[in-house]
Every structure is written in C-alpha cells, then in structure tokens.
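Since the structure comes first, as structure tokens, the remarks are kept for the end.
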Amino acid sequence: MSGNILVKNMTFKYPSMISPLFNNVSVNIHEDWKLGLIGRNGRGKTTLLKILLDQLEYEGTVISSLEFKYFPRYPDLDDCLTAEEVLLKESPMTERWEMELELSYMDLSPEILDRSFHVLSGGEQTKILLIGLFLNDDSFPLIDEPTNNLDVHGRKVVGEFLNRKKGFIVISHDQHFLNHFVDHVLAINKESVDVLKGNIETWQFEKKNAENLAEETNQKLFNEINRLETVSKRVGTWGQKRENSTKDAAGRRLAAKQMKRSKAIKKRTEEKIRDKQNLIHNVEEVADLAMQVEQPHKQILLLRNFSILQVGKPLFEPINVDVYPGDRFFITGKNGVGKSTLLNFIIGNGKFEITGDYHIRLPDKLSVLHQKNQLDEDYATILDDLTAKEKESYLHLLRQLGFQRSSFADRSSKNWSAGEQKKVFLAHALLGNHSLFIWDEVTNYLDMLIIEQLIDAIERHEPTMVGVDHNEHFVESIATKKVELRREV
Ligand SMILES: Nc1ncnc2c1ncn2[C@@H]1O[C@H](COP(=O)(O)OP(=O)(O)OP(=O)(O)O)[C@@H](O)[C@H]1O
C-alpha cells in the first residue's frame, strides 16, 4: 500500500475562483495502475497533477511516497543536449543498448540518440521525453496530453509503448489512444471525482447508465419542484387576499395571524424546493452548436500528380485530388510528411515550389483555424476587434462550447486551461457565415464532449471542409474524402 496515492478530503480553489475546483475529493490510486485522467476542459486535470506534484496549496491530505515526474518538461534550449544526454539526465546509469531497445518500441531509429534534441520533430521529442520518464523504475509519470504532436500512427505506437509500462497517469481527450492501454479511469465530473476499473468504453457505458438513472430521478425532482412552487404561490396569494378583504379589527387580527401562517408555509415550501434543487444530478449537457454554412458554387481544389518540392525534391508522393462543394476532405499521413505545408499551399500562405498541376478556387467566406495560434491573438484581442453584434454571437458560441459565464469577466486568458484557450479560437472560427472551413487539428486540447458536439454540428450543417486531424474518431465520423501523404523515397 505504501506506493499508493491517497487523496483524502482534498479541497482546492485558485484565489480568483468563486467556488472550489475540487471539493472534499477522496481517491485512492494504486501504484501499478495505468490510469486515464479524463474530464471536460477546465475541470482541473492539470491542476490535479500540480497538486500531486505539491506545486499548489490545498486543504485536506495527499499522501504518497512515489517520485512523480511530469510530462511535458522540455530541456533548456541553451543546454544544446543530444537525445541521449536528455535520457541520461533522467537516468544516468542507463546503458546505450537499453535506450536503443526503448527507442525500438517507439518506432525510432537508434541514430536519433546522437542528434541534438532541439532539431527533432515534435513527435520525436514527445517520444524521447516519454522514454525518459520510464527509464527509472522508482518514478511515477504524470503525463499531461502527450498526443498533441503525434499523428495517428504515432498515437498507436505511444499507446502500445504505454501498454508495456505500468504505474502512471495520462491526461488525454483521445479515446482511441487511451483505449490502447488504460486499465483504470479517473473521471473529473461536474459533481464528483470517480475512479472506475476498465477503459474509456467501460466508462462511457457506466456514464450512460448513470445519466439515464439521474435523468429519471431529475424528472421526478422537477415534477416535485413544480408542485411545490404552485403550492407556494397559492399560499402566498391566499394570505394576501385574506388580509386585504377584512375591514374590522378582529377580522384584521385573524387575517394577520393567517398571513403569518401562510408565510411560514411558504417559507417551508421554498426550503423544500431548494433542497430538491440541490438533489438534481448534474448530467453533462451539451448545446447544439450553431454553424452558419453557405455552400460554395464551384469546385474548390484540383490537384494532378501534385507534390510540393523541398530543395528540389518532392516532399510526398504525387497526389490527385478533387474537392467539390459539400466535400469534407482530410489530409492524412505521418508526422513531418507535409500535411500542414499542403494546407498552407492551399490557403496561399507562403511561397512554394511545386510539381504537377493544380487549380485552387477559394470562396471569399473562409474559416481558417491554424494548428498553432499564429498572430499572438488571445481572448482580449479577439473581443477588441469585434462589433457589438459580433461580440454577442461570439460569447454565445463560447457559452455553447461550455464556457462558464464567470470566465468572461477575466479578460486575461493567460491562466486558462489549454482547452479553454483553444475554444477561444474555435468560437472565432465559427463566428459568421462560411463557405469553406480549413481547419488544422481542431480537436487538439478539446474534450471528448466538445469533439462529439463538433461532429454533431458538422453532420447537421454539412459544411465543405479541408482539414488535417489526428483524432481518428473525429475524422472517421465526418470525412467524406481522404488522401494519405506518403514520403517520397
Ligand atoms: N493559475 C491559475 N489561476 C486562476 N485560474 C486558473 C489557474 N490555472 C488554471 N486555472 C483555471 O482552473 C481551471 C482548471 O484548469 P486546468 O488547467 O487544471 O484544467 P484541465 O482540466 O486540465 O483543462 P483542459 O482539458 O482544457 O486542459 C480552469 O478553469 C482554468 O482557467
């Protein structure tokens, strides 16, 4: 038991918050678990890891003798370390052959160890850092969203790598990825923090059952509240009428007495209403997301034997593509093969040498969502650029995406969670009427319910899209056309 993580009656709130993020939370996590930490954006997943790392002050107790290690923690750029040196920093006694073995599980060639860590691709860096976390048997990794730099193949490889290990916590919103390895799930819900044995499918099944039950109970509670509200109103009106209708002194005394009684009944009924309202289970509710779509009139994209050249050589094997109005076209392929480069070429963002033929006709009303926020925009700068009417629609969209009204007052978004910051840009990309949606990895950082909400909106509004995304579930649900970019050999 000594290696477990015992959280008892833990309560935590950031100073700027009105109500606590965690209220009297108790969980016991076994040191051997492969634990998936899930929950909606902003529910406190990263915060919980920070609490385990003892970086935040909380009430209650957290007991553990484990040595926690956090991902991602990138080496200092000035240190100019090779990948091998990065690993040796984590575990100085590790032999080269041990590292090479771990690299083979990650589908990385051994020569990567000699390269400078900072020239590695995002996916390669992620893999090296993850290998480093597990080199030392005594440590317990706390892994915060490892998938963001990984393509579909990379997610599978890392999923299988994690499946070989035990004793760690992973935060992720990618259910396919988590299902490769998790044997327990820690879910931060609206009302509770629950631990469950099984994977995300088990959790989804249990959640559905719990919600069905909660909905039945809620319905009964709503009916009861309605009945009590009618009683409360009737009692109030009755007392008032009695008081107004009596003229003589004795009658007035009696009416006042009855009024007092009616007030007491009203008060008791209102208390009962409040009690019942507190019992209402907080089933997660997701609004229908508004998307304003206007179909383009003509073919958007035609590529024939097309590739982009880099130092005179094709980046990927030549492709043939047609995108028509109503198509949802997704570019797939491994990390570094040129997906975002092709997207940039289509948008006209940059200068490119190419081979083959192409014809691009972009409609005027474009919704472009970049993988990384390119213009140093944030919530405040976006708001400043909107008209009053646009601002109203923008805030409405943010609310539909599950933003708490209270967040809107705080314009500095620097402390917002990764998902909350992503929603700021997603809501902006949804604002207004669009004929073509060009979205690069929209699902990164978004929670599972938001991804479902997006899938549902896209299925209802049928926009024309050109996209890149590594969330298999998302792409499988909405793509009507795909092309896989393969490295030219
Ligand atoms: N330093 C801080 N000061 C004030 N509020 C903060 C601070 N850090 C985080 N928050 C808020 O606390 C809440 C929880 O943040 P946290 O990053 O733990 O969420 P998360 O569950 O990891 O979200 P996501 O899935 O979006 O990554 C969010 O509403 C966030 O805006």
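Following the order of the structure tokens, first chain is A, next is B, and so on, with residues numbered from 1 inside each chain and ligands from 1 in the order they appear.
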At a cut-off of 9 Å around ligand 1, and using only C-alpha atoms and all ligand atoms, what residues come up? Please write them as a PyMOL selection string. chain A and resi 13-17+21+38-50+144-145+171-173+188+403-404+407+413-423+445-447
Atoms kept (N, CA and C atoms) for selection, written as a CSV table (one decimal), in the first residue's frame:
chain,number,residue,atom,x,y,z
A,13,LYS,N,-9.0,25.6,-4.5
A,13,LYS,CA,-9.6,26.7,-5.3
A,13,LYS,C,-8.5,27.7,-5.6
A,14,TYR,N,-8.4,28.1,-6.9
A,14,TYR,CA,-7.5,29.2,-7.2
A,14,TYR,C,-8.0,30.5,-6.6
A,15,PRO,N,-7.1,31.4,-6.2
A,15,PRO,CA,-7.6,32.6,-5.4
A,15,PRO,C,-8.7,33.4,-6.2
A,16,SER,N,-8.6,33.4,-7.5
A,16,SER,CA,-9.6,34.2,-8.3
A,16,SER,C,-10.9,33.5,-8.5
A,17,MET,N,-11.1,32.3,-8.0
A,17,MET,CA,-12.3,31.5,-8.2
A,17,MET,C,-13.3,31.7,-7.1
A,21,LEU,N,-12.6,24.3,-7.2
A,21,LEU,CA,-12.4,23.4,-8.3
A,21,LEU,C,-12.6,21.9,-7.8
A,38,ILE,N,-9.5,11.8,-17.1
A,38,ILE,CA,-10.3,12.5,-18.1
A,38,ILE,C,-11.3,13.4,-17.4
A,39,GLY,N,-11.9,14.3,-18.2
A,39,GLY,CA,-12.8,15.3,-17.7
A,39,GLY,C,-12.9,16.4,-18.7
A,40,ARG,N,-13.9,17.2,-18.6
A,40,ARG,CA,-14.2,18.3,-19.6
A,40,ARG,C,-13.1,19.4,-19.4
A,41,ASN,N,-12.9,20.2,-20.5
A,41,ASN,CA,-12.0,21.2,-20.4
A,41,ASN,C,-12.2,22.1,-19.2
A,42,GLY,N,-11.1,22.4,-18.5
A,42,GLY,CA,-11.2,23.3,-17.4
A,42,GLY,C,-11.7,22.7,-16.1
A,43,ARG,N,-11.9,21.4,-16.1
A,43,ARG,CA,-12.4,20.7,-14.8
A,43,ARG,C,-11.3,20.5,-13.8
A,44,GLY,N,-10.0,20.7,-14.2
A,44,GLY,CA,-8.9,20.6,-13.2
A,44,GLY,C,-8.0,19.4,-13.3
A,45,LYS,N,-7.9,18.9,-14.5
A,45,LYS,CA,-7.0,17.7,-14.7
A,45,LYS,C,-5.5,18.1,-14.4
A,46,THR,N,-5.1,19.1,-15.2
A,46,THR,CA,-3.7,19.6,-15.0
A,46,THR,C,-3.5,20.1,-13.5
A,47,THR,N,-4.5,20.7,-13.0
A,47,THR,CA,-4.4,21.2,-11.6
A,47,THR,C,-4.2,20.0,-10.6
A,48,LEU,N,-4.9,18.9,-10.9
A,48,LEU,CA,-4.8,17.8,-10.0
A,48,LEU,C,-3.4,17.2,-10.1
A,49,LEU,N,-2.8,17.2,-11.3
A,49,LEU,CA,-1.4,16.8,-11.4
A,49,LEU,C,-0.5,17.8,-10.6
A,50,LYS,N,-0.8,19.1,-10.7
A,50,LYS,CA,0.1,20.0,-10.0
A,50,LYS,C,-0.1,19.8,-8.4
A,144,ASP,N,0.8,14.7,-19.2
A,144,ASP,CA,-0.3,15.7,-19.5
A,144,ASP,C,-0.4,15.9,-21.0
A,145,GLU,N,-1.4,15.3,-21.6
A,145,GLU,CA,-1.7,15.4,-23.0
A,145,GLU,C,-0.5,15.2,-23.9
A,171,ILE,N,-3.3,12.2,-19.0
A,171,ILE,CA,-4.4,13.0,-19.3
A,171,ILE,C,-4.5,13.0,-20.8
A,172,SER,N,-5.7,12.7,-21.4
A,172,SER,CA,-5.9,12.8,-22.8
A,172,SER,C,-7.4,12.9,-23.1
A,173,HIS,N,-7.7,13.5,-24.3
A,173,HIS,CA,-9.1,13.6,-24.7
A,173,HIS,C,-9.3,12.7,-25.9
A,188,ILE,N,-13.1,13.4,-13.8
A,188,ILE,CA,-13.5,14.6,-13.0
A,188,ILE,C,-14.8,15.0,-13.6
A,403,PHE,N,-18.3,27.3,-22.0
A,403,PHE,CA,-17.6,28.3,-21.2
A,403,PHE,C,-18.5,28.8,-20.0
A,404,GLN,N,-17.9,28.9,-18.8
A,404,GLN,CA,-18.6,29.5,-17.7
A,404,GLN,C,-18.7,31.0,-17.9
A,407,SER,N,-16.0,33.2,-16.5
A,407,SER,CA,-14.7,33.4,-17.1
A,407,SER,C,-14.7,34.6,-18.0
A,413,SER,N,-6.4,35.8,-20.5
A,413,SER,CA,-6.6,34.4,-20.6
A,413,SER,C,-5.4,33.6,-20.3
A,414,LYS,N,-4.3,34.2,-19.7
A,414,LYS,CA,-3.1,33.5,-19.6
A,414,LYS,C,-3.1,32.3,-18.7
A,415,ASN,N,-4.0,32.3,-17.7
A,415,ASN,CA,-4.1,31.2,-16.8
A,415,ASN,C,-5.2,30.1,-17.3
A,416,TRP,N,-5.9,30.4,-18.4
A,416,TRP,CA,-6.9,29.5,-18.8
A,416,TRP,C,-6.3,28.2,-19.2
A,417,SER,N,-7.1,27.1,-19.0
A,417,SER,CA,-6.6,25.8,-19.4
A,417,SER,C,-6.4,25.7,-20.9
A,418,ALA,N,-5.7,24.7,-21.3
A,418,ALA,CA,-5.4,24.5,-22.7
A,418,ALA,C,-6.7,24.4,-23.6
A,419,GLY,N,-7.6,23.7,-23.1
A,419,GLY,CA,-8.9,23.5,-23.8
A,419,GLY,C,-9.7,24.9,-23.9
A,420,GLU,N,-9.7,25.6,-22.8
A,420,GLU,CA,-10.4,26.9,-22.7
A,420,GLU,C,-9.8,27.8,-23.8
A,421,GLN,N,-8.4,27.8,-23.9
A,421,GLN,CA,-7.8,28.7,-24.8
A,421,GLN,C,-8.1,28.3,-26.2
A,422,LYS,N,-8.2,27.0,-26.5
A,422,LYS,CA,-8.5,26.5,-27.8
A,422,LYS,C,-9.9,26.9,-28.2
A,423,LYS,N,-10.8,26.9,-27.3
A,423,LYS,CA,-12.2,27.3,-27.6
A,423,LYS,C,-12.3,28.7,-28.0
A,445,TYR,N,-6.6,19.5,-27.8
A,445,TYR,CA,-6.9,20.1,-26.5
A,445,TYR,C,-8.4,20.1,-26.2
A,446,LEU,N,-9.3,19.7,-27.2
A,446,LEU,CA,-10.7,19.8,-26.9
A,446,LEU,C,-11.2,18.5,-26.2
A,447,ASP,N,-12.1,18.7,-25.2
A,447,ASP,CA,-12.6,17.5,-24.5
A,447,ASP,C,-13.5,16.6,-25.4
List the neighbours of range 80-89 of chain A out to 9 Å using only C-alpha atoms; skip same-chain residues closer than 3 positions along the sequence, and give me the result as a PyMOL selection string. chain A and resi 75-77+92-96+99+112-118+120+125+128-129+131-133+135
Output file for the residues above (C-alpha atoms, as an mmCIF file, in the first residue's frame):
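File produced: again_16.cif:
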data_model
loop_
_atom_site.group_PDB
_atom_site.id
_atom_site.type_symbol
_atom_site.label_atom_id
_atom_site.label_comp_id
_atom_site.auth_asym_id
_atom_site.auth_seq_id
_atom_site.Cartn_x
_atom_site.Cartn_y
_atom_site.Cartn_z
ATOM 1 C CA PRO A 75 15.223 20.600 -21.762
ATOM 2 C CA ASP A 76 16.634 24.094 -21.832
ATOM 3 C CA LEU A 77 17.414 25.234 -25.376
ATOM 4 C CA PRO A 92 22.436 8.460 -15.508
ATOM 5 C CA MET A 93 23.035 4.701 -15.133
ATOM 6 C CA THR A 94 21.107 3.686 -18.257
ATOM 7 C CA GLU A 95 23.204 1.877 -20.879
ATOM 8 C CA ARG A 96 23.059 2.779 -24.540
ATOM 9 C CA MET A 99 17.892 3.225 -24.628
ATOM 10 C CA ILE A 112 18.303 9.721 -33.199
ATOM 11 C CA LEU A 113 20.136 9.421 -29.863
ATOM 12 C CA ASP A 114 23.107 11.314 -31.320
ATOM 13 C CA ARG A 115 21.057 14.148 -32.763
ATOM 14 C CA SER A 116 20.501 17.419 -30.971
ATOM 15 C CA PHE A 117 17.190 17.143 -29.109
ATOM 16 C CA HIS A 118 16.012 20.503 -30.426
ATOM 17 C CA LEU A 120 13.940 16.543 -33.586
ATOM 18 C CA GLN A 125 10.691 14.873 -28.938
ATOM 19 C CA ILE A 128 12.139 10.708 -26.241
ATOM 20 C CA LEU A 129 10.679 12.555 -23.252
ATOM 21 C CA ILE A 131 11.031 7.125 -22.810
ATOM 22 C CA GLY A 132 12.971 9.213 -20.275
ATOM 23 C CA LEU A 133 10.067 9.155 -17.801
ATOM 24 C CA LEU A 135 13.889 4.699 -17.511
#
Nearest to Ile438 in chain A among A:Leu398, A:Leu383, A:Ile346, A:Val235, with distances taken over only C-alpha atoms: which residue is it?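 Once distances to Ile438 in chain A are computed over only C-alpha atoms, the minimum belongs to A:Ile346.
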Residues of range 165-248 of chain A classed as strand (DSSP E) by DSSP on the backbone are to be reported as a list in words.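 So, restricting range 165-248 of chain A to strand (DSSP E), we get Phe168, Ile169, Val170, Ile171, His184, Val185, Leu186, Ala187, Ile188, Val193, Asp194, Val195, Leu196 and Lys197 of chain A.
When only C-alpha atoms are used to compute distances to Asp174 in chain A, the closest of the residues A:Asn136, A:Gln453, A:Thr126, A:Thr147 turns out to be A:Thr147.
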